[in-house]
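Just protein-v8.cif here, mmCIF, N, CA and C atoms:
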```
data_protein
#
loop_
_atom_site.label_atom_id
_atom_site.label_comp_id
_atom_site.auth_asym_id
_atom_site.auth_seq_id
_atom_site.Cartn_x
_atom_site.Cartn_y
_atom_site.Cartn_z
N MET K 8 19.30 17.11 48.80
CA MET K 8 19.95 16.22 47.86
C MET K 8 18.92 15.35 47.15
N ASN K 9 17.94 14.79 47.94
CA ASN K 9 16.90 13.96 47.33
C ASN K 9 16.05 14.74 46.33
N LYS K 10 15.73 16.00 46.67
CA LYS K 10 14.95 16.83 45.75
C LYS K 10 15.72 17.08 44.47
N MET K 11 17.04 17.29 44.59
CA MET K 11 17.85 17.53 43.41
C MET K 11 17.90 16.29 42.52
N LEU K 12 18.06 15.11 43.11
CA LEU K 12 18.08 13.87 42.33
C LEU K 12 16.74 13.63 41.68
N LEU K 13 15.65 13.89 42.41
CA LEU K 13 14.32 13.72 41.85
C LEU K 13 14.11 14.66 40.67
N GLY K 14 14.51 15.90 40.80
CA GLY K 14 14.39 16.87 39.71
C GLY K 14 15.23 16.48 38.51
N LEU K 15 16.45 16.01 38.76
CA LEU K 15 17.33 15.56 37.68
C LEU K 15 16.75 14.35 36.97
N SER K 16 16.16 13.41 37.72
CA SER K 16 15.54 12.22 37.13
C SER K 16 14.37 12.61 36.24
N ALA K 17 13.55 13.53 36.71
CA ALA K 17 12.39 13.96 35.91
C ALA K 17 12.85 14.66 34.64
N THR K 18 13.89 15.49 34.75
CA THR K 18 14.41 16.19 33.58
C THR K 18 14.97 15.21 32.56
N LEU K 19 15.73 14.22 33.02
CA LEU K 19 16.28 13.22 32.11
C LEU K 19 15.18 12.40 31.45
N ALA K 20 14.16 12.01 32.22
CA ALA K 20 13.06 11.23 31.66
C ALA K 20 12.36 12.01 30.55
N PHE K 21 12.13 13.29 30.78
CA PHE K 21 11.48 14.12 29.77
C PHE K 21 12.38 14.27 28.54
N ALA K 22 13.66 14.50 28.77
CA ALA K 22 14.59 14.71 27.66
C ALA K 22 14.76 13.46 26.81
N LEU K 23 14.64 12.27 27.43
CA LEU K 23 14.84 11.02 26.70
C LEU K 23 13.57 10.49 26.06
N THR K 24 12.43 11.11 26.34
CA THR K 24 11.17 10.69 25.73
C THR K 24 11.12 11.22 24.31
N PRO K 25 10.88 10.32 23.31
CA PRO K 25 10.86 10.80 21.93
C PRO K 25 9.70 11.75 21.69
N ALA K 26 9.95 12.74 20.90
CA ALA K 26 8.91 13.71 20.55
C ALA K 26 7.98 13.10 19.53
N CYS K 27 6.69 13.41 19.64
CA CYS K 27 5.72 12.96 18.64
C CYS K 27 5.70 13.99 17.52
N THR K 28 5.78 13.51 16.32
CA THR K 28 5.71 14.40 15.16
C THR K 28 4.60 13.91 14.27
N ALA K 29 4.31 14.66 13.24
CA ALA K 29 3.27 14.25 12.29
C ALA K 29 3.63 12.93 11.64
N ASP K 30 4.94 12.63 11.49
CA ASP K 30 5.36 11.38 10.86
C ASP K 30 5.03 10.17 11.73
N ASP K 31 4.89 10.37 13.04
CA ASP K 31 4.62 9.26 13.95
C ASP K 31 3.13 8.92 14.03
N GLU K 32 2.29 9.79 13.50
CA GLU K 32 0.86 9.59 13.62
C GLU K 32 0.37 8.51 12.67
N ALA K 33 -0.63 7.75 13.13
CA ALA K 33 -1.23 6.72 12.28
C ALA K 33 -2.08 7.40 11.22
N PRO K 34 -2.21 6.76 10.06
CA PRO K 34 -3.11 7.30 9.03
C PRO K 34 -4.54 7.38 9.55
N PRO K 35 -5.40 8.17 8.92
CA PRO K 35 -6.80 8.27 9.37
C PRO K 35 -7.45 6.90 9.49
N ASP K 36 -8.34 6.77 10.46
CA ASP K 36 -9.06 5.53 10.73
C ASP K 36 -8.13 4.39 11.10
N GLY K 37 -6.88 4.67 11.47
CA GLY K 37 -5.94 3.62 11.85
C GLY K 37 -5.53 2.73 10.69
N ALA K 38 -5.80 3.16 9.47
CA ALA K 38 -5.52 2.33 8.31
C ALA K 38 -4.12 2.60 7.79
N ALA K 39 -3.38 1.54 7.54
CA ALA K 39 -2.05 1.67 6.93
C ALA K 39 -2.20 1.56 5.43
N ASP K 40 -1.24 2.10 4.71
CA ASP K 40 -1.30 2.01 3.25
C ASP K 40 -1.11 0.57 2.78
N VAL K 41 -0.27 -0.19 3.50
CA VAL K 41 -0.01 -1.59 3.15
C VAL K 41 -0.43 -2.46 4.33
N VAL K 42 -1.28 -3.43 4.05
CA VAL K 42 -1.76 -4.36 5.07
C VAL K 42 -1.20 -5.74 4.74
N ASN K 43 -0.66 -6.41 5.74
CA ASN K 43 0.05 -7.68 5.51
C ASN K 43 -0.80 -8.91 5.75
N VAL K 44 -0.57 -9.91 4.90
CA VAL K 44 -1.14 -11.25 5.08
C VAL K 44 0.05 -12.22 5.04
N ASP K 45 0.19 -13.04 6.08
CA ASP K 45 1.26 -14.04 6.11
C ASP K 45 0.80 -15.30 5.38
N VAL K 46 1.71 -15.87 4.60
CA VAL K 46 1.45 -17.09 3.85
C VAL K 46 2.37 -18.17 4.43
N THR K 47 1.81 -18.98 5.35
CA THR K 47 2.61 -20.01 6.03
C THR K 47 1.73 -21.20 6.39
N SER K 48 2.34 -22.32 6.60
CA SER K 48 1.67 -23.52 7.12
C SER K 48 0.35 -23.81 6.41
N ASN K 49 0.34 -23.64 5.10
CA ASN K 49 -0.86 -23.89 4.30
C ASN K 49 -2.07 -23.09 4.75
N GLN K 50 -1.80 -21.84 5.15
CA GLN K 50 -2.90 -20.94 5.51
C GLN K 50 -2.51 -19.50 5.25
N PHE K 51 -3.52 -18.66 5.08
CA PHE K 51 -3.34 -17.23 4.99
C PHE K 51 -3.72 -16.66 6.35
N SER K 52 -2.91 -15.76 6.88
CA SER K 52 -3.19 -15.20 8.19
C SER K 52 -3.04 -13.68 8.14
N PRO K 53 -4.16 -12.94 8.29
CA PRO K 53 -5.51 -13.43 8.50
C PRO K 53 -6.13 -13.94 7.20
N ALA K 54 -7.07 -14.85 7.33
CA ALA K 54 -7.73 -15.42 6.15
C ALA K 54 -8.77 -14.45 5.58
N SER K 55 -9.36 -13.65 6.44
CA SER K 55 -10.33 -12.65 6.01
C SER K 55 -9.83 -11.29 6.48
N LEU K 56 -9.86 -10.33 5.58
CA LEU K 56 -9.28 -9.02 5.86
C LEU K 56 -10.17 -7.93 5.31
N LYS K 57 -10.43 -6.89 6.12
CA LYS K 57 -11.18 -5.72 5.66
C LYS K 57 -10.21 -4.57 5.49
N ILE K 58 -10.29 -3.92 4.34
CA ILE K 58 -9.46 -2.77 4.05
C ILE K 58 -10.32 -1.69 3.41
N LYS K 59 -9.71 -0.54 3.13
CA LYS K 59 -10.38 0.56 2.45
C LYS K 59 -9.88 0.65 1.01
N VAL K 60 -10.72 1.20 0.13
CA VAL K 60 -10.32 1.43 -1.25
C VAL K 60 -9.02 2.23 -1.25
N GLY K 61 -8.08 1.82 -2.09
CA GLY K 61 -6.79 2.50 -2.20
C GLY K 61 -5.68 1.86 -1.39
N GLN K 62 -6.03 0.94 -0.49
CA GLN K 62 -5.01 0.27 0.29
C GLN K 62 -4.43 -0.90 -0.51
N THR K 63 -3.23 -1.31 -0.12
CA THR K 63 -2.53 -2.41 -0.76
C THR K 63 -2.42 -3.56 0.22
N VAL K 64 -2.65 -4.77 -0.26
CA VAL K 64 -2.41 -5.98 0.55
C VAL K 64 -1.09 -6.57 0.09
N ARG K 65 -0.24 -6.91 1.06
CA ARG K 65 1.04 -7.56 0.77
C ARG K 65 1.02 -8.95 1.40
N TRP K 66 1.04 -9.96 0.53
CA TRP K 66 1.16 -11.34 0.99
C TRP K 66 2.66 -11.64 1.11
N THR K 67 3.08 -12.19 2.24
CA THR K 67 4.49 -12.49 2.49
C THR K 67 4.64 -13.96 2.81
N TRP K 68 5.41 -14.64 2.00
CA TRP K 68 5.66 -16.07 2.17
C TRP K 68 6.58 -16.28 3.35
N GLY K 69 6.17 -17.16 4.29
CA GLY K 69 6.99 -17.49 5.44
C GLY K 69 7.51 -18.91 5.36
N GLY K 70 7.13 -19.63 4.36
CA GLY K 70 7.57 -21.00 4.20
C GLY K 70 6.63 -21.76 3.29
N GLY K 71 7.11 -22.81 2.71
CA GLY K 71 6.29 -23.61 1.80
C GLY K 71 6.26 -23.02 0.40
N THR K 72 5.61 -23.72 -0.50
CA THR K 72 5.48 -23.28 -1.89
C THR K 72 4.02 -22.94 -2.13
N HIS K 73 3.76 -21.65 -2.37
CA HIS K 73 2.39 -21.16 -2.46
C HIS K 73 2.27 -20.13 -3.58
N ASN K 74 1.01 -19.79 -3.87
CA ASN K 74 0.71 -18.63 -4.69
C ASN K 74 -0.61 -18.04 -4.22
N VAL K 75 -1.01 -16.93 -4.82
CA VAL K 75 -2.25 -16.24 -4.49
C VAL K 75 -2.99 -16.04 -5.80
N VAL K 76 -4.21 -16.60 -5.88
CA VAL K 76 -5.01 -16.54 -7.10
C VAL K 76 -6.42 -16.08 -6.72
N SER K 77 -6.91 -15.01 -7.37
CA SER K 77 -8.27 -14.56 -7.09
C SER K 77 -9.28 -15.46 -7.79
N GLY K 78 -10.33 -15.79 -7.06
CA GLY K 78 -11.39 -16.61 -7.62
C GLY K 78 -12.27 -17.18 -6.53
N PRO K 79 -13.49 -17.55 -6.89
CA PRO K 79 -14.47 -18.00 -5.90
C PRO K 79 -14.27 -19.43 -5.42
N ASP K 80 -13.55 -20.25 -6.18
CA ASP K 80 -13.33 -21.64 -5.75
C ASP K 80 -12.00 -22.14 -6.31
N CYS K 81 -11.66 -23.35 -5.96
CA CYS K 81 -10.35 -23.92 -6.31
C CYS K 81 -10.12 -24.11 -7.81
N ASN K 82 -11.16 -24.08 -8.59
CA ASN K 82 -11.03 -24.35 -10.02
C ASN K 82 -11.31 -23.15 -10.91
N THR K 83 -11.60 -21.99 -10.29
CA THR K 83 -12.02 -20.83 -11.08
C THR K 83 -11.17 -19.61 -10.76
N GLU K 84 -10.40 -19.16 -11.73
CA GLU K 84 -9.68 -17.90 -11.62
C GLU K 84 -10.57 -16.81 -12.19
N ASP K 85 -10.76 -15.72 -11.44
CA ASP K 85 -11.61 -14.65 -11.96
C ASP K 85 -10.83 -13.53 -12.63
N GLY K 86 -9.49 -13.61 -12.61
CA GLY K 86 -8.67 -12.64 -13.32
C GLY K 86 -8.40 -11.34 -12.59
N ASN K 87 -8.87 -11.17 -11.36
CA ASN K 87 -8.62 -9.93 -10.63
C ASN K 87 -7.16 -9.77 -10.22
N PHE K 88 -6.53 -10.86 -9.78
CA PHE K 88 -5.11 -10.82 -9.44
C PHE K 88 -4.56 -12.23 -9.34
N LYS K 89 -3.26 -12.35 -9.55
CA LYS K 89 -2.57 -13.64 -9.43
C LYS K 89 -1.09 -13.35 -9.21
N SER K 90 -0.52 -14.05 -8.24
CA SER K 90 0.90 -13.82 -7.92
C SER K 90 1.82 -14.54 -8.88
N GLY K 91 1.29 -15.44 -9.68
CA GLY K 91 2.11 -16.22 -10.60
C GLY K 91 2.14 -17.68 -10.17
N ALA K 92 3.11 -18.40 -10.70
CA ALA K 92 3.27 -19.81 -10.35
C ALA K 92 3.65 -19.94 -8.88
N PRO K 93 3.32 -21.06 -8.25
CA PRO K 93 3.70 -21.25 -6.85
C PRO K 93 5.22 -21.12 -6.66
N VAL K 94 5.59 -20.40 -5.61
CA VAL K 94 7.00 -20.17 -5.29
C VAL K 94 7.23 -20.40 -3.79
N GLY K 95 8.49 -20.55 -3.44
CA GLY K 95 8.84 -20.84 -2.05
C GLY K 95 9.19 -19.64 -1.21
N GLY K 96 8.99 -18.43 -1.69
CA GLY K 96 9.31 -17.26 -0.89
C GLY K 96 8.96 -15.98 -1.62
N GLY K 97 9.13 -14.87 -0.94
CA GLY K 97 8.90 -13.58 -1.54
C GLY K 97 7.64 -12.91 -1.06
N THR K 98 7.22 -11.90 -1.83
CA THR K 98 6.00 -11.15 -1.51
C THR K 98 5.21 -10.92 -2.79
N PHE K 99 3.94 -10.61 -2.61
CA PHE K 99 3.07 -10.22 -3.71
C PHE K 99 2.19 -9.09 -3.21
N ASP K 100 2.15 -7.97 -3.94
CA ASP K 100 1.35 -6.81 -3.57
C ASP K 100 0.21 -6.61 -4.56
N LYS K 101 -0.94 -6.24 -4.02
CA LYS K 101 -2.09 -5.89 -4.86
C LYS K 101 -2.79 -4.68 -4.24
N LYS K 102 -2.87 -3.60 -5.02
CA LYS K 102 -3.59 -2.41 -4.57
C LYS K 102 -5.04 -2.55 -5.02
N PHE K 103 -5.98 -2.35 -4.10
CA PHE K 103 -7.40 -2.50 -4.39
C PHE K 103 -8.02 -1.12 -4.61
N GLU K 104 -8.48 -0.90 -5.84
CA GLU K 104 -9.01 0.40 -6.26
C GLU K 104 -10.53 0.48 -6.25
N THR K 105 -11.21 -0.66 -6.08
CA THR K 105 -12.67 -0.66 -6.06
C THR K 105 -13.18 -1.45 -4.86
N ALA K 106 -14.35 -1.04 -4.39
CA ALA K 106 -14.97 -1.74 -3.27
C ALA K 106 -15.52 -3.08 -3.73
N GLY K 107 -15.58 -4.02 -2.82
CA GLY K 107 -16.13 -5.33 -3.13
C GLY K 107 -15.48 -6.41 -2.29
N THR K 108 -15.90 -7.64 -2.53
CA THR K 108 -15.32 -8.79 -1.83
C THR K 108 -14.55 -9.62 -2.85
N PHE K 109 -13.30 -9.91 -2.52
CA PHE K 109 -12.40 -10.59 -3.44
C PHE K 109 -11.88 -11.88 -2.81
N PRO K 110 -12.53 -13.01 -3.14
CA PRO K 110 -12.03 -14.29 -2.62
C PRO K 110 -10.77 -14.69 -3.36
N TYR K 111 -9.92 -15.46 -2.68
CA TYR K 111 -8.69 -15.94 -3.31
C TYR K 111 -8.27 -17.26 -2.68
N TYR K 112 -7.28 -17.91 -3.29
CA TYR K 112 -6.82 -19.22 -2.81
C TYR K 112 -5.40 -19.47 -3.25
N CYS K 113 -4.81 -20.51 -2.70
CA CYS K 113 -3.50 -21.01 -3.11
C CYS K 113 -3.77 -22.25 -3.96
N GLN K 114 -3.29 -22.27 -5.20
CA GLN K 114 -3.58 -23.39 -6.10
C GLN K 114 -3.13 -24.75 -5.53
N PRO K 115 -1.89 -24.90 -5.05
CA PRO K 115 -1.48 -26.23 -4.58
C PRO K 115 -2.20 -26.70 -3.32
N HIS K 116 -2.75 -25.76 -2.52
CA HIS K 116 -3.31 -26.14 -1.22
C HIS K 116 -4.78 -25.76 -1.05
N CYS K 117 -5.44 -25.39 -2.11
CA CYS K 117 -6.83 -24.98 -2.01
C CYS K 117 -7.72 -26.10 -1.49
N ALA K 118 -7.51 -27.31 -1.98
CA ALA K 118 -8.33 -28.45 -1.53
C ALA K 118 -8.15 -28.72 -0.04
N MET K 119 -7.04 -28.25 0.53
CA MET K 119 -6.79 -28.41 1.96
C MET K 119 -7.33 -27.22 2.76
N GLY K 120 -8.03 -26.32 2.07
CA GLY K 120 -8.67 -25.19 2.75
C GLY K 120 -7.87 -23.90 2.76
N MET K 121 -6.83 -23.82 1.97
CA MET K 121 -6.02 -22.59 1.95
C MET K 121 -6.70 -21.55 1.06
N LYS K 122 -7.62 -20.81 1.70
CA LYS K 122 -8.43 -19.81 1.01
C LYS K 122 -8.50 -18.55 1.88
N GLY K 123 -8.81 -17.45 1.23
CA GLY K 123 -8.98 -16.20 1.96
C GLY K 123 -9.89 -15.27 1.21
N GLU K 124 -10.13 -14.11 1.81
CA GLU K 124 -10.91 -13.08 1.13
C GLU K 124 -10.50 -11.71 1.62
N ILE K 125 -10.56 -10.77 0.69
CA ILE K 125 -10.30 -9.38 1.00
C ILE K 125 -11.63 -8.64 0.79
N VAL K 126 -12.09 -7.96 1.83
CA VAL K 126 -13.29 -7.15 1.75
C VAL K 126 -12.83 -5.69 1.69
N VAL K 127 -13.14 -5.04 0.56
CA VAL K 127 -12.71 -3.67 0.34
C VAL K 127 -13.90 -2.76 0.52
N GLU K 128 -13.80 -1.85 1.49
CA GLU K 128 -14.87 -0.93 1.79
C GLU K 128 -14.56 0.45 1.23
N PRO K 129 -15.60 1.21 0.87
CA PRO K 129 -15.39 2.57 0.32
C PRO K 129 -14.68 3.48 1.31
#
```
Step by step, read the file and then write its structure as structure tokens.
Amino acid sequence: MNKMLLGLSATLAFALTPACTADDEAPPDGAADVVNVDVTSNQFSPASLKIKVGQTVRWTWGGGTHNVVSGPDCNTEDGNFKSGAPVGGGTFDKKFETAGTFPYYCQPHCAMGMKGEIVVEP
């Protein structure tokens, strides 16, 4: 009886284990097509992010009124990307097509240190 229960348990465990398919596999190098940055508490998390050319960064507002502006300092927009006027929610996506380092900041909170950078590798 114990052997039968043990065999039945093993069969059920195998049957209930999800099958791995090609759809379940991570993209090469563990890189996702969309990489997230949280915009909360007057900070970007993570503040520094490394991605590959062709990936998209999605900034997601978790609270507060913020925006995302590319530029080297609080007073200089370099024109690479901008989410628009500061808003209290939503998302902003930017696909990076070239390698390089792209600093950015939140206009209302830059002086308080709300800055980040995206490092795009080939």
Can you spell out as a PDB file with N, CA and C atoms, in the frame of the given file the set of residues that the PyMOL selection byres ((chain K and resi 47) around 8) selects in the structure I just provided?
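The resulting file, part_34.pdb, is shown below:
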```pdb
ATOM      1  N   VAL K  44      -0.570  -9.910   4.900  1.00  0.00           N
ATOM      2  CA  VAL K  44      -1.140 -11.250   5.080  1.00  0.00           C
ATOM      3  C   VAL K  44       0.050 -12.220   5.040  1.00  0.00           C
ATOM      4  N   ASP K  45       0.190 -13.040   6.080  1.00  0.00           N
ATOM      5  CA  ASP K  45       1.260 -14.040   6.110  1.00  0.00           C
ATOM      6  C   ASP K  45       0.800 -15.300   5.380  1.00  0.00           C
ATOM      7  N   VAL K  46       1.710 -15.870   4.600  1.00  0.00           N
ATOM      8  CA  VAL K  46       1.450 -17.090   3.850  1.00  0.00           C
ATOM      9  C   VAL K  46       2.370 -18.170   4.430  1.00  0.00           C
ATOM     10  N   SER K  48       2.340 -22.320   6.600  1.00  0.00           N
ATOM     11  CA  SER K  48       1.670 -23.520   7.120  1.00  0.00           C
ATOM     12  C   SER K  48       0.350 -23.810   6.410  1.00  0.00           C
ATOM     13  N   ASN K  49       0.340 -23.640   5.100  1.00  0.00           N
ATOM     14  CA  ASN K  49      -0.860 -23.890   4.300  1.00  0.00           C
ATOM     15  C   ASN K  49      -2.070 -23.090   4.750  1.00  0.00           C
ATOM     16  N   GLN K  50      -1.800 -21.840   5.150  1.00  0.00           N
ATOM     17  CA  GLN K  50      -2.900 -20.940   5.510  1.00  0.00           C
ATOM     18  C   GLN K  50      -2.510 -19.500   5.250  1.00  0.00           C
ATOM     19  N   PHE K  51      -3.520 -18.660   5.080  1.00  0.00           N
ATOM     20  CA  PHE K  51      -3.340 -17.230   4.990  1.00  0.00           C
ATOM     21  C   PHE K  51      -3.720 -16.660   6.350  1.00  0.00           C
ATOM     22  N   SER K  52      -2.910 -15.760   6.880  1.00  0.00           N
ATOM     23  CA  SER K  52      -3.190 -15.200   8.190  1.00  0.00           C
ATOM     24  C   SER K  52      -3.040 -13.680   8.140  1.00  0.00           C
ATOM     25  N   THR K  67       3.080 -12.190   2.240  1.00  0.00           N
ATOM     26  CA  THR K  67       4.490 -12.490   2.490  1.00  0.00           C
ATOM     27  C   THR K  67       4.640 -13.960   2.810  1.00  0.00           C
ATOM     28  N   TRP K  68       5.410 -14.640   2.000  1.00  0.00           N
ATOM     29  CA  TRP K  68       5.660 -16.070   2.170  1.00  0.00           C
ATOM     30  C   TRP K  68       6.580 -16.280   3.350  1.00  0.00           C
ATOM     31  N   GLY K  69       6.170 -17.160   4.290  1.00  0.00           N
ATOM     32  CA  GLY K  69       6.990 -17.490   5.440  1.00  0.00           C
ATOM     33  C   GLY K  69       7.510 -18.910   5.360  1.00  0.00           C
ATOM     34  N   GLY K  70       7.130 -19.630   4.360  1.00  0.00           N
ATOM     35  CA  GLY K  70       7.570 -21.000   4.200  1.00  0.00           C
ATOM     36  C   GLY K  70       6.630 -21.760   3.290  1.00  0.00           C
ATOM     37  N   GLY K  71       7.110 -22.810   2.710  1.00  0.00           N
ATOM     38  CA  GLY K  71       6.290 -23.610   1.800  1.00  0.00           C
ATOM     39  C   GLY K  71       6.260 -23.020   0.400  1.00  0.00           C
TER      40      GLY K  71
END
```
Long-range neighbours of K:Asn74 as a list of chain:residue names, 6.5 Å cut-off, all atoms listed in the file, 2 positions minimum in chain
K:Thr72, K:Val76, K:Ser90, K:Gly91, K:Ala92, K:Pro93, K:Val94, K:Tyr112, K:Cys113, K:Gln114, K:Pro115
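Atom C of K:Val64 is positioned 23.1 Å from atom CA of K:Ala118.
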Option closest in space to K:Ser77, from K:Gly97, K:Pro129, K:Pro110, K:Gly123 [counting only N, CA and C atoms]
K:Pro110
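Atom pair atom CA of K:Thr83 / atom CA of K:Ile58: separated by 23.7 Å.
Among the candidates K:Met119, K:Val127, K:Arg65, K:Tyr111, the one nearest to K:Asn87 when counting only C-alpha atoms is K:Tyr111.
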What does the distance between atom C of K:Gly120 and atom C of K:Ala39 come to in Å, to one decimal place?
26.2 Å
Centre, x/y/z edge lengths, axis-aligned box for stretch 102-109 of chain K with 8 Å per side, as JSON:
```
{"center_x": -9.5, "center_y": -5.7, "center_z": -4.0, "size_x": 29.3, "size_y": 28.4, "size_z": 20.4}
```
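Ranking K:Trp66, K:Lys122, K:Asn82, K:Leu56 by their shortest atom-to-atom distance to K:Gly96, with only C-alpha atoms included, puts K:Trp66 first.
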Selected residue of minimal separation from K:Phe109 among K:Val75, K:Ala54, K:Val41, K:Ile125, counting only N, CA and C atoms:
K:Ile125
